[in-house]
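Beneath this line is the structure, given in structure tokens, with notes to follow.
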2 protein chains.
Amino acid sequence: MHLTEIRVAGFGGQGVILSAMVIGKAASIFTEGFATLTQSFGPEARGSACSAQVIVSDQPVLYPYVARPDILIVMSQEAFTRFAPEVKSGGLLLFEEDLVRFTGVPEGIRVFGVPATRLAEELGKRMVLNIVMVGFFAAIAGLLTREALRDAVADSVPPAFKDLNLRAFDKGYDYGIQHREACHSSGNAGLVGTPELAG
Amino acid sequence: MHLTEIRVAGFGGQGVILSAMVIGKAASIFTEGFATLTQSFGPEARGSACSAQVIVSDQPVLYPYVARPDILIVMSQEAFTRFAPEVKSGGLLLFEEDLVRFTGVPEGIRVFGVPATRLAEELGKRMVLNIVMVGFFAAIAGLLTREALRDAVADSVPPAFKDLNLRAFDKGYDYGIQHREACHSSGNAGLVGTPELAG
């Protein structure tokens, strides 16, 4: 596991911090790695925006500040607009496609959307959209194993909500596997490198 | 509010992260400042140790990594042993005195203990010892106002536990005010600069 910088962003109440914590735990507690999780409070925290930075690595993380993420996970239009331009070339952008209208990213970014809210609503609880996103991340990013992330979900939610969240994770994961395969077969991985959409 | 680096450390289940979050929120949402909160996952997270780093400032925080804290708040012996040597000269160390046996710090560090667990038990809930520590911090550090920290407590705990946590905060605060005055009157601010104890 190379040092990988990840930003998760959305609005308050979506469980942004919990998603980030699941990724951090998966890398460290359920894989033999290290992680830091940083959240900022300030003008953005006084509004509705919410953002967390996770760095995972097989070495201790000495500098936890994410300037340009390798992976960006966004659950709101505002987060997309603000952070999409910062994704590193060669990086990955995952977005909630019912909440974010995709308006382009710099070239060389792989982009995948997931209707996480709708998938969460199919489980009867819109609130688990954040864990759907984590499942989707598991399938697409290939950074951490499905098992480590799933165990981290189970470890991070209240016992009464464990089954619900694991089902949310699985839904996001399955969608990601299907979506990833569809992209591979079409030769168009998400919106990768399609100049008419990028920029 | 100058840029101030704070580490809160203890063991899992003590609410270390919540205390740190309260301080971060107090600085940003309830004062016109900025804050970052960073937690690390790794070997320490796989054990029982738990530590969080908060940086508060009147400017956006660009570099959220705490190398040497200005203020250290410790709730376990292990945390004391590990982090006390890192406190900056001129800094402040607050410790839970029923859980930490004070064994000295470098010269020039102001040190104050509080029986937070006992004070929490007087409220019938040992679990609020972390918020007692925050109240104590409010009284001793003078970094953030009592009101901002108290509002941040109210904003950070489940509604059903709000009154309990506010009483815990007040208990820690009152103890701090009394303790601070006692120290001042004795000319011995906590264990400040007493060479027989320092080192």
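Just so we're on the same page: first chain in the structure tokens is A, next is B, and so on; residues restart at 1 for each chain, and ligands are numbered from 1 in the order they show up.
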
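Every residue of chain B that lies within 6 Å of chain A is listed here, counting only C-alpha atoms: Ser28, Ile29, Phe34, Ala35, Thr36, Leu37, Thr38, Gln39, Ser40, Phe41, Gly42 and Arg46 of chain B.
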
Within 7 Å of Ser19 of chain A, counting only C-alpha atoms, which residues show up once you throw out same-chain ones fewer than 3 positions away? Write them as a short mmCIF file (atom, residue, chain, number, x, y, z; two decimals) with C-alpha atoms, in the first residue's frame, please.
```
data_model
loop_
_atom_site.label_atom_id
_atom_site.label_comp_id
_atom_site.auth_asym_id
_atom_site.auth_seq_id
_atom_site.Cartn_x
_atom_site.Cartn_y
_atom_site.Cartn_z
CA GLY A 15 -21.52 10.97 7.56
CA VAL A 16 -18.44 12.26 5.79
CA VAL A 22 -13.78 3.62 8.10
CA ILE A 23 -11.09 3.99 5.43
CA ASN A 130 -21.96 7.34 3.14
CA ILE A 131 -21.37 3.63 3.63
CA VAL A 134 -17.36 3.32 0.99
#
```

Tell me, which residues of segment 18-195 of chain B carry DSSP strand (DSSP E), written as a PDB file with N, CA, C and O atoms, in the first residue's frame?
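Output saved as part_13.pdb:
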```
ATOM      1  N   PHE B  34     -10.062  29.116  13.637  1.00  0.00           N
ATOM      2  CA  PHE B  34      -9.895  27.950  12.779  1.00  0.00           C
ATOM      3  C   PHE B  34      -9.309  26.823  13.612  1.00  0.00           C
ATOM      4  O   PHE B  34      -8.621  27.063  14.599  1.00  0.00           O
ATOM      5  N   ALA B  35      -9.546  25.608  13.189  1.00  0.00           N
ATOM      6  CA  ALA B  35      -8.962  24.479  13.914  1.00  0.00           C
ATOM      7  C   ALA B  35      -8.845  23.283  12.992  1.00  0.00           C
ATOM      8  O   ALA B  35      -9.602  23.144  12.028  1.00  0.00           O
ATOM      9  N   THR B  36      -7.863  22.445  13.272  1.00  0.00           N
ATOM     10  CA  THR B  36      -7.809  21.132  12.634  1.00  0.00           C
ATOM     11  C   THR B  36      -7.729  20.085  13.732  1.00  0.00           C
ATOM     12  O   THR B  36      -7.177  20.329  14.808  1.00  0.00           O
ATOM     13  N   LEU B  37      -8.276  18.943  13.440  1.00  0.00           N
ATOM     14  CA  LEU B  37      -8.234  17.808  14.366  1.00  0.00           C
ATOM     15  C   LEU B  37      -7.665  16.632  13.597  1.00  0.00           C
ATOM     16  O   LEU B  37      -8.198  16.270  12.551  1.00  0.00           O
ATOM     17  N   THR B  38      -6.587  16.071  14.085  1.00  0.00           N
ATOM     18  CA  THR B  38      -5.972  14.927  13.411  1.00  0.00           C
ATOM     19  C   THR B  38      -5.868  13.763  14.379  1.00  0.00           C
ATOM     20  O   THR B  38      -5.449  13.917  15.516  1.00  0.00           O
ATOM     21  N   GLN B  39      -6.266  12.587  13.922  1.00  0.00           N
ATOM     22  CA  GLN B  39      -6.055  11.384  14.705  1.00  0.00           C
ATOM     23  C   GLN B  39      -5.269  10.393  13.879  1.00  0.00           C
ATOM     24  O   GLN B  39      -5.391  10.351  12.655  1.00  0.00           O
ATOM     25  N   SER B  40      -4.440   9.622  14.536  1.00  0.00           N
ATOM     26  CA  SER B  40      -3.641   8.643  13.824  1.00  0.00           C
ATOM     27  C   SER B  40      -4.169   7.250  14.115  1.00  0.00           C
ATOM     28  O   SER B  40      -4.583   6.956  15.224  1.00  0.00           O
ATOM     29  N   PHE B  41      -4.138   6.422  13.089  1.00  0.00           N
ATOM     30  CA  PHE B  41      -4.455   5.019  13.253  1.00  0.00           C
ATOM     31  C   PHE B  41      -3.180   4.254  12.930  1.00  0.00           C
ATOM     32  O   PHE B  41      -2.481   4.601  11.996  1.00  0.00           O
ATOM     33  N   ALA B  49      -4.212   2.575  23.183  1.00  0.00           N
ATOM     34  CA  ALA B  49      -3.875   3.995  23.253  1.00  0.00           C
ATOM     35  C   ALA B  49      -4.690   4.787  22.248  1.00  0.00           C
ATOM     36  O   ALA B  49      -5.059   4.284  21.192  1.00  0.00           O
ATOM     37  N   CYS B  50      -4.960   6.015  22.582  1.00  0.00           N
ATOM     38  CA  CYS B  50      -5.768   6.873  21.727  1.00  0.00           C
ATOM     39  C   CYS B  50      -5.251   8.293  21.864  1.00  0.00           C
ATOM     40  O   CYS B  50      -5.020   8.763  22.974  1.00  0.00           O
ATOM     41  N   SER B  51      -5.050   8.947  20.761  1.00  0.00           N
ATOM     42  CA  SER B  51      -4.464  10.279  20.803  1.00  0.00           C
ATOM     43  C   SER B  51      -5.005  11.120  19.666  1.00  0.00           C
ATOM     44  O   SER B  51      -5.253  10.611  18.571  1.00  0.00           O
ATOM     45  N   ALA B  52      -5.219  12.390  19.926  1.00  0.00           N
ATOM     46  CA  ALA B  52      -5.691  13.305  18.887  1.00  0.00           C
ATOM     47  C   ALA B  52      -4.925  14.602  19.000  1.00  0.00           C
ATOM     48  O   ALA B  52      -4.491  14.996  20.080  1.00  0.00           O
ATOM     49  N   GLN B  53      -4.750  15.247  17.880  1.00  0.00           N
ATOM     50  CA  GLN B  53      -4.012  16.502  17.823  1.00  0.00           C
ATOM     51  C   GLN B  53      -4.957  17.588  17.340  1.00  0.00           C
ATOM     52  O   GLN B  53      -5.621  17.422  16.319  1.00  0.00           O
ATOM     53  N   VAL B  54      -5.001  18.674  18.066  1.00  0.00           N
ATOM     54  CA  VAL B  54      -5.839  19.806  17.669  1.00  0.00           C
ATOM     55  C   VAL B  54      -4.939  21.010  17.507  1.00  0.00           C
ATOM     56  O   VAL B  54      -4.076  21.249  18.351  1.00  0.00           O
ATOM     57  N   ILE B  55      -5.122  21.743  16.443  1.00  0.00           N
ATOM     58  CA  ILE B  55      -4.450  23.021  16.310  1.00  0.00           C
ATOM     59  C   ILE B  55      -5.514  24.086  16.169  1.00  0.00           C
ATOM     60  O   ILE B  55      -6.428  23.941  15.341  1.00  0.00           O
ATOM     61  N   VAL B  56      -5.438  25.113  17.002  1.00  0.00           N
ATOM     62  CA  VAL B  56      -6.389  26.214  16.914  1.00  0.00           C
ATOM     63  C   VAL B  56      -5.613  27.483  16.581  1.00  0.00           C
ATOM     64  O   VAL B  56      -4.453  27.626  16.955  1.00  0.00           O
ATOM     65  N   SER B  57      -6.264  28.369  15.856  1.00  0.00           N
ATOM     66  CA  SER B  57      -5.573  29.564  15.396  1.00  0.00           C
ATOM     67  C   SER B  57      -6.587  30.602  14.949  1.00  0.00           C
ATOM     68  O   SER B  57      -7.743  30.268  14.670  1.00  0.00           O
ATOM     69  N   ILE B  71       0.160  22.506  24.552  1.00  0.00           N
ATOM     70  CA  ILE B  71      -0.685  22.018  25.637  1.00  0.00           C
ATOM     71  C   ILE B  71      -0.893  20.514  25.458  1.00  0.00           C
ATOM     72  O   ILE B  71      -1.233  20.065  24.372  1.00  0.00           O
ATOM     73  N   LEU B  72      -0.667  19.774  26.539  1.00  0.00           N
ATOM     74  CA  LEU B  72      -0.891  18.326  26.515  1.00  0.00           C
ATOM     75  C   LEU B  72      -1.923  17.990  27.584  1.00  0.00           C
ATOM     76  O   LEU B  72      -1.788  18.409  28.738  1.00  0.00           O
ATOM     77  N   ILE B  73      -2.932  17.234  27.192  1.00  0.00           N
ATOM     78  CA  ILE B  73      -3.967  16.775  28.126  1.00  0.00           C
ATOM     79  C   ILE B  73      -3.892  15.251  28.133  1.00  0.00           C
ATOM     80  O   ILE B  73      -4.129  14.629  27.100  1.00  0.00           O
ATOM     81  N   VAL B  74      -3.538  14.662  29.270  1.00  0.00           N
ATOM     82  CA  VAL B  74      -3.378  13.202  29.294  1.00  0.00           C
ATOM     83  C   VAL B  74      -4.287  12.551  30.331  1.00  0.00           C
ATOM     84  O   VAL B  74      -4.471  13.047  31.428  1.00  0.00           O
ATOM     85  N   LEU B  92       2.079  23.693  28.737  1.00  0.00           N
ATOM     86  CA  LEU B  92       1.142  23.358  29.805  1.00  0.00           C
ATOM     87  C   LEU B  92       0.782  21.878  29.716  1.00  0.00           C
ATOM     88  O   LEU B  92       0.496  21.377  28.638  1.00  0.00           O
ATOM     89  N   LEU B  93       0.813  21.224  30.878  1.00  0.00           N
ATOM     90  CA  LEU B  93       0.414  19.815  30.931  1.00  0.00           C
ATOM     91  C   LEU B  93      -0.731  19.663  31.917  1.00  0.00           C
ATOM     92  O   LEU B  93      -0.610  20.033  33.084  1.00  0.00           O
ATOM     93  N   LEU B  94      -1.836  19.097  31.451  1.00  0.00           N
ATOM     94  CA  LEU B  94      -2.985  18.811  32.316  1.00  0.00           C
ATOM     95  C   LEU B  94      -3.146  17.302  32.380  1.00  0.00           C
ATOM     96  O   LEU B  94      -3.165  16.648  31.337  1.00  0.00           O
ATOM     97  N   PHE B  95      -3.248  16.760  33.592  1.00  0.00           N
ATOM     98  CA  PHE B  95      -3.365  15.303  33.670  1.00  0.00           C
ATOM     99  C   PHE B  95      -4.451  14.863  34.642  1.00  0.00           C
ATOM    100  O   PHE B  95      -4.802  15.576  35.577  1.00  0.00           O
ATOM    101  N   GLU B  96      -4.972  13.680  34.368  1.00  0.00           N
ATOM    102  CA  GLU B  96      -5.986  13.069  35.225  1.00  0.00           C
ATOM    103  C   GLU B  96      -5.225  12.442  36.391  1.00  0.00           C
ATOM    104  O   GLU B  96      -4.519  11.457  36.221  1.00  0.00           O
ATOM    105  N   ARG B 110       4.316  24.081  32.854  1.00  0.00           N
ATOM    106  CA  ARG B 110       3.346  24.218  33.941  1.00  0.00           C
ATOM    107  C   ARG B 110       2.486  22.965  33.980  1.00  0.00           C
ATOM    108  O   ARG B 110       2.037  22.485  32.925  1.00  0.00           O
ATOM    109  N   VAL B 111       2.264  22.441  35.172  1.00  0.00           N
ATOM    110  CA  VAL B 111       1.577  21.149  35.308  1.00  0.00           C
ATOM    111  C   VAL B 111       0.419  21.266  36.304  1.00  0.00           C
ATOM    112  O   VAL B 111       0.593  21.799  37.402  1.00  0.00           O
ATOM    113  N   PHE B 112      -0.728  20.767  35.913  1.00  0.00           N
ATOM    114  CA  PHE B 112      -1.901  20.774  36.796  1.00  0.00           C
ATOM    115  C   PHE B 112      -2.614  19.425  36.713  1.00  0.00           C
ATOM    116  O   PHE B 112      -2.866  18.936  35.613  1.00  0.00           O
ATOM    117  N   GLY B 113      -2.946  18.875  37.862  1.00  0.00           N
ATOM    118  CA  GLY B 113      -3.707  17.621  37.889  1.00  0.00           C
ATOM    119  C   GLY B 113      -5.140  17.860  38.332  1.00  0.00           C
ATOM    120  O   GLY B 113      -5.425  18.817  39.060  1.00  0.00           O
ATOM    121  N   VAL B 114      -6.016  16.966  37.890  1.00  0.00           N
ATOM    122  CA  VAL B 114      -7.430  17.042  38.278  1.00  0.00           C
ATOM    123  C   VAL B 114      -7.954  15.613  38.470  1.00  0.00           C
ATOM    124  O   VAL B 114      -7.643  14.739  37.666  1.00  0.00           O
TER     125      VAL B 114
END
```

If you run DSSP on this backbone, which residues of segment 18-168 of chain B come out as helix (DSSP H, G or I), and could you give them as a ChimeraX atom specification?
/B:18-28,43-46,77-86,116-122,126-141,146-156,159-168

Atom CA of Leu3 of chain B to atom CA of Arg68 of chain A: how many Å, to one decimal?
23.8 Å

Contacts of Phe169 of chain B at 12 Å or less, counting only C-alpha atoms, minus same-chain residues fewer than 4 places along, as a ChimeraX atom specification?
/B:19,22,116,119-120,123,128-139,146-154,162-165,173-176

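The smallest atom-to-atom distance between Thr81 of chain B and any of B:Ile109, B:Ala20, B:Ala9, B:Ile177, using only C-alpha atoms, is found for B:Ala9.
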